[in-house]
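A.B. asks: Please read through the structure below; I'll follow up with questions.
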Amino acid sequence: MSRYRTHRSHRTGWLRAAVLGANDGIVSTASLIIGVASAQAMHADILVAGVAGLVAGAMSMAAGEYVSVSSQSDTEKADLEIEKDSLINDFEFELKELANIYEKRGLDSNLARQVAEQLMAYDALGAHARDELGLAENARARPIQAALFSASTFTIGAALPLLMAWNMAGSQLIPAVAVSSLVFLASLGAMAARAGGAAMSIGAIRVTFWGTLAMSLTAAVGKLFDVAV
């Protein structure tokens with residue numbers, strides 16, 4: 001029987017951005033709706049606040065992801081430029097440095113030297129990027145990918161509680177949005193955990209806890225600033 005199993009580390013870049021976007025979309029929009037509704041606002045005002053939160057949140061997530069991941073990408077590029085320069089001007093030092101890395105991982109000195117020589121003959125910069133800097137190709141910073149995934153999943157996540165608020169009014173709105181949002185969060189946490197190879201129950205519990213806390217706090221704020229006349 002085959003023992004082949006699919007690894008999941010290549011998913012970390014887009015999965016992190018997607019889960020963050022969807023989770024933030026559900027939590028922030030549901031919390032905003034519940035906070036405004038708790039202040040006895042009109043149904044139309046609640047919906048306007050929810051739509052504004054969706055648009056502003058999606059753009060904020062896209063901009064935030066792009067800027068932060070771009071900073072990571074800039075750092076990676078700067079490190080690679082340093083390696084390029086060192087490979088041109090001090091190749092022997094870089095060869096010894098790489099061989100020393102392999103020796104520390106368990107190879108004897110002669111074999112470590114041979115491995116370093118062969119890898120550097122094939123792709124010197126790639127070998128140093130991977131084994132000295134820890135820059136694996138499947139984990140490189142991709143700003144545009146992160147921004148698109150985060151913004152799109154935020155929009156989807158935010159649309160869920162907004163649709164519930166659209167179809168509910170009066171005293172049913174807050175419990176309907178709260179319960180449905182917690183169900184959405186639990187499902188999201190379970191799916192994200194499964195995609196990442198973790199226990200689905202743990203993923204569901206941790207996002208549900210923080211979602212409950214966020215909605216409770218914003219409901220309290222809405223009650224505090226009750227605008228009913």
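Chain labels A, B, ... are given in the sequence in which chains occur in the structure tokens; within each chain residues are numbered consecutively from 1, and ligands are likewise numbered from 1 in the order shown.
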Contacts between segment 21-38 of chain A and segment 165-224 of chain A, please, where a residue of segment 165-224 of chain A counts if it comes within 9 Å (with only C-alpha atoms); show its shortest atom pair and distance in Å to one decimal, rows by chain and ascending number, as JSON lines.

C.D. replies:
```
{"residue": "A:Ala165", "atom": "CA", "partner": "A:Ile33", "partner_atom": "CA", "distance": 7.6}
{"residue": "A:Gly170", "atom": "CA", "partner": "A:Ala37", "partner_atom": "CA", "distance": 8.8}
{"residue": "A:Leu173", "atom": "CA", "partner": "A:Ala37", "partner_atom": "CA", "distance": 7.8}
{"residue": "A:Ile174", "atom": "CA", "partner": "A:Ile34", "partner_atom": "CA", "distance": 5.7}
{"residue": "A:Pro175", "atom": "CA", "partner": "A:Ile34", "partner_atom": "CA", "distance": 8.8}
{"residue": "A:Val177", "atom": "CA", "partner": "A:Ala30", "partner_atom": "CA", "distance": 6.5}
{"residue": "A:Ala178", "atom": "CA", "partner": "A:Ala30", "partner_atom": "CA", "distance": 7.0}
{"residue": "A:Ser181", "atom": "CA", "partner": "A:Ile26", "partner_atom": "CA", "distance": 6.5}
{"residue": "A:Leu182", "atom": "CA", "partner": "A:Val27", "partner_atom": "CA", "distance": 8.8}
{"residue": "A:Phe184", "atom": "CA", "partner": "A:Ile26", "partner_atom": "CA", "distance": 7.7}
{"residue": "A:Leu185", "atom": "CA", "partner": "A:Asn23", "partner_atom": "CA", "distance": 6.8}
{"residue": "A:Leu188", "atom": "CA", "partner": "A:Asn23", "partner_atom": "CA", "distance": 7.4}
{"residue": "A:Gly189", "atom": "CA", "partner": "A:Asn23", "partner_atom": "CA", "distance": 8.3}
{"residue": "A:Val207", "atom": "CA", "partner": "A:Asn23", "partner_atom": "CA", "distance": 7.6}
{"residue": "A:Trp210", "atom": "CA", "partner": "A:Val27", "partner_atom": "CA", "distance": 8.4}
{"residue": "A:Gly211", "atom": "CA", "partner": "A:Val27", "partner_atom": "CA", "distance": 5.5}
{"residue": "A:Thr212", "atom": "CA", "partner": "A:Val27", "partner_atom": "CA", "distance": 8.6}
{"residue": "A:Ala214", "atom": "CA", "partner": "A:Ser31", "partner_atom": "CA", "distance": 6.3}
{"residue": "A:Met215", "atom": "CA", "partner": "A:Ser31", "partner_atom": "CA", "distance": 4.5}
{"residue": "A:Ser216", "atom": "CA", "partner": "A:Ser31", "partner_atom": "CA", "distance": 7.9}
{"residue": "A:Leu217", "atom": "CA", "partner": "A:Ser31", "partner_atom": "CA", "distance": 8.3}
{"residue": "A:Thr218", "atom": "CA", "partner": "A:Gly35", "partner_atom": "CA", "distance": 4.7}
{"residue": "A:Ala219", "atom": "CA", "partner": "A:Gly35", "partner_atom": "CA", "distance": 4.5}
{"residue": "A:Ala220", "atom": "CA", "partner": "A:Gly35", "partner_atom": "CA", "distance": 7.3}
{"residue": "A:Val221", "atom": "CA", "partner": "A:Gly35", "partner_atom": "CA", "distance": 6.4}
{"residue": "A:Gly222", "atom": "CA", "partner": "A:Gly35", "partner_atom": "CA", "distance": 4.5}
{"residue": "A:Lys223", "atom": "CA", "partner": "A:Ser38", "partner_atom": "CA", "distance": 5.4}
{"residue": "A:Leu224", "atom": "CA", "partner": "A:Ser38", "partner_atom": "CA", "distance": 8.8}
```

A.B. asks: Which of these, A:Ser180, A:Phe225, A:Glu94, A:Asn167, has the shortest distance to His43 of chain A once you count only C-alpha atoms?

C.D. replies: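 Result for the nearest residue to His43 of chain A: A:Asn167.
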
A.B. asks: Using DSSP secondary structure from the backbone, list all alpha helix (DSSP H) positions within chain A, as a PyMOL selection string.

C.D. replies: chain A and resi 12-38+43-89+91-104+109-131+143-167+173-196+200-224

A.B. asks: List the spatial neighbours of segment 95-108 of chain A as a compact mmCIF listing (two decimals) with N, CA and C atoms, in the first residue's frame - criterion: any atom at most 10 Å away, only C-alpha atoms, same-chain residues fewer than 3 positions off excluded.

C.D. replies:
```txt
# COMPACT_ATOMS: atom_id res chain seq x y z
N LEU A 87 28.67 36.12 -3.88
CA LEU A 87 29.02 35.03 -4.77
C LEU A 87 29.96 35.48 -5.88
N ASP A 90 33.36 36.83 -3.53
CA ASP A 90 34.01 35.95 -2.54
C ASP A 90 33.38 34.55 -2.63
N PHE A 91 33.53 33.94 -3.79
CA PHE A 91 32.89 32.65 -4.05
C PHE A 91 33.38 31.57 -3.09
N GLU A 92 34.67 31.55 -2.81
CA GLU A 92 35.23 30.52 -1.94
C GLU A 92 34.66 30.61 -0.53
N LEU A 111 32.06 15.15 2.45
CA LEU A 111 30.79 15.04 1.74
C LEU A 111 30.07 16.39 1.70
N ALA A 112 30.13 17.13 2.80
CA ALA A 112 29.50 18.44 2.85
C ALA A 112 30.09 19.36 1.79
N ARG A 113 31.40 19.29 1.64
CA ARG A 113 32.08 20.10 0.63
C ARG A 113 31.65 19.70 -0.79
N GLN A 114 31.53 18.40 -1.03
CA GLN A 114 31.13 17.92 -2.34
C GLN A 114 29.69 18.35 -2.67
N VAL A 115 28.83 18.22 -1.68
CA VAL A 115 27.43 18.61 -1.89
C VAL A 115 27.35 20.11 -2.20
N ALA A 116 28.07 20.91 -1.43
CA ALA A 116 28.07 22.35 -1.63
C ALA A 116 28.59 22.71 -3.03
N GLU A 117 29.66 22.05 -3.45
CA GLU A 117 30.23 22.32 -4.77
C GLU A 117 29.26 21.98 -5.89
N LEU A 119 25.91 21.67 -5.71
CA LEU A 119 24.72 22.53 -5.69
C LEU A 119 25.05 23.92 -6.20
N MET A 120 26.21 24.43 -5.85
CA MET A 120 26.58 25.76 -6.30
C MET A 120 26.93 25.77 -7.79
N ALA A 124 23.98 28.37 -7.61
CA ALA A 124 24.62 28.88 -6.41
C ALA A 124 23.68 29.76 -5.59
N ALA A 127 20.84 27.73 -3.96
CA ALA A 127 21.31 26.93 -2.82
C ALA A 127 21.45 27.78 -1.58
N HIS A 128 22.01 28.97 -1.72
CA HIS A 128 22.19 29.85 -0.56
C HIS A 128 20.87 30.45 -0.09
N ASP A 131 19.20 27.30 1.74
CA ASP A 131 19.83 26.69 2.91
C ASP A 131 20.49 27.67 3.86
N GLU A 132 20.85 28.85 3.39
CA GLU A 132 21.43 29.86 4.28
C GLU A 132 20.38 30.86 4.76
```

A.B. asks: Please compute the atom CA of Leu47 of chain A-atom CA of Ala192 of chain A distance, one decimal, in Å.

C.D. replies: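 Atom-to-atom, atom CA of Leu47 of chain A to atom CA of Ala192 of chain A, that is 28.7 Å.
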
A.B. asks: Using only C-alpha atoms, determine which residues lie at most 7 Å from segment 142-150 of chain A, disregarding the query and same-chain residues fewer than 3 positions distant; provide the list as a list of chain:residue names.

C.D. replies: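 After dropping sequence-adjacent residues, the list is A:Trp14, A:Ala17, A:Ala18, A:Leu20, A:Gly21, A:Met61, A:Ala62, A:Ala63, A:Glu65, A:Tyr66, A:Val69, A:Ser70, A:Thr153, A:Phe154.
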
A.B. asks: May I have the residues from that selection written out with N, CA, C and O atoms, as an mmCIF file, in the first residue's frame?

C.D. replies:
```
data_model
loop_
_atom_site.group_PDB
_atom_site.id
_atom_site.type_symbol
_atom_site.label_atom_id
_atom_site.label_comp_id
_atom_site.auth_asym_id
_atom_site.auth_seq_id
_atom_site.Cartn_x
_atom_site.Cartn_y
_atom_site.Cartn_z
ATOM 1 N N TRP A 14 -1.140 31.653 0.678
ATOM 2 C CA TRP A 14 -2.508 32.018 0.334
ATOM 3 C C TRP A 14 -3.510 31.610 1.397
ATOM 4 O O TRP A 14 -4.520 32.299 1.615
ATOM 5 N N ALA A 17 -3.669 34.288 4.204
ATOM 6 C CA ALA A 17 -4.374 35.486 3.757
ATOM 7 C C ALA A 17 -5.873 35.229 3.600
ATOM 8 O O ALA A 17 -6.702 36.064 3.974
ATOM 9 N N ALA A 18 -6.224 34.064 3.063
ATOM 10 C CA ALA A 18 -7.636 33.740 2.842
ATOM 11 C C ALA A 18 -8.388 33.579 4.151
ATOM 12 O O ALA A 18 -9.495 34.106 4.329
ATOM 13 N N LEU A 20 -7.494 34.731 7.138
ATOM 14 C CA LEU A 20 -7.517 36.021 7.821
ATOM 15 C C LEU A 20 -8.605 36.913 7.249
ATOM 16 O O LEU A 20 -9.365 37.555 7.989
ATOM 17 N N GLY A 21 -8.707 36.970 5.913
ATOM 18 C CA GLY A 21 -9.713 37.813 5.281
ATOM 19 C C GLY A 21 -11.131 37.386 5.605
ATOM 20 O O GLY A 21 -11.968 38.205 5.994
ATOM 21 N N MET A 61 -8.066 45.452 4.084
ATOM 22 C CA MET A 61 -7.366 44.174 4.078
ATOM 23 C C MET A 61 -6.426 44.071 2.884
ATOM 24 O O MET A 61 -5.283 43.621 3.009
ATOM 25 N N ALA A 62 -6.906 44.489 1.712
ATOM 26 C CA ALA A 62 -6.071 44.424 0.509
ATOM 27 C C ALA A 62 -4.834 45.299 0.667
ATOM 28 O O ALA A 62 -3.707 44.870 0.387
ATOM 29 N N ALA A 63 -5.050 46.536 1.120
ATOM 30 C CA ALA A 63 -3.926 47.461 1.278
ATOM 31 C C ALA A 63 -2.962 46.971 2.355
ATOM 32 O O ALA A 63 -1.736 46.999 2.167
ATOM 33 N N GLU A 65 -2.454 43.875 3.534
ATOM 34 C CA GLU A 65 -1.728 42.682 3.103
ATOM 35 C C GLU A 65 -0.655 43.044 2.078
ATOM 36 O O GLU A 65 0.475 42.563 2.150
ATOM 37 N N TYR A 66 -1.017 43.914 1.132
ATOM 38 C CA TYR A 66 -0.055 44.270 0.090
ATOM 39 C C TYR A 66 1.158 44.985 0.678
ATOM 40 O O TYR A 66 2.304 44.671 0.342
ATOM 41 N N VAL A 69 3.201 42.417 3.118
ATOM 42 C CA VAL A 69 3.892 41.359 2.388
ATOM 43 C C VAL A 69 4.927 41.954 1.429
ATOM 44 O O VAL A 69 5.959 41.339 1.173
ATOM 45 N N SER A 70 4.668 43.166 0.933
ATOM 46 C CA SER A 70 5.672 43.837 0.098
ATOM 47 C C SER A 70 6.928 44.134 0.910
ATOM 48 O O SER A 70 8.049 44.035 0.393
ATOM 49 N N THR A 153 -11.813 37.148 0.115
ATOM 50 C CA THR A 153 -12.417 36.335 1.173
ATOM 51 C C THR A 153 -13.033 37.203 2.259
ATOM 52 O O THR A 153 -14.011 36.805 2.891
ATOM 53 N N PHE A 154 -12.470 38.409 2.475
ATOM 54 C CA PHE A 154 -13.120 39.346 3.401
ATOM 55 C C PHE A 154 -14.518 39.687 2.895
ATOM 56 O O PHE A 154 -15.484 39.701 3.657
#
```

A.B. asks: Just the residues within 12 Å of Ile202 of chain A, please, counting only C-alpha atoms, with nothing from its chain fewer than 5 positions along; format it as a PyMOL selection string.

C.D. replies: chain A and resi 186-194+196-197+207-209

A.B. asks: Separation of atom CA of Gly57 of chain A and atom CA of Leu162 of chain A, in Å?

C.D. replies: 13.2 Å

A.B. asks: Taking only C-alpha atoms into account, which of A:Ala195, A:Gly53, A:Ser109, A:Val67 comes nearest Pro161 of chain A?

C.D. replies: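 Among the listed residues, the smallest separation from Pro161 of chain A belongs to A:Gly53.
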
A.B. asks: Compile the contact shell of Leu135 of chain A as number ranges by chain: residues with an atom at most 9 Å away, counting only C-alpha atoms, same-chain residues fewer than 6 positions apart removed.

C.D. replies: A: 76, 126, 128-129

A.B. asks: To one decimal in Å, tell me the separation between atom CA of Ser86 of chain A and atom CA of Ala121 of chain A.

C.D. replies: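 A separation of 15.3 Å between them.
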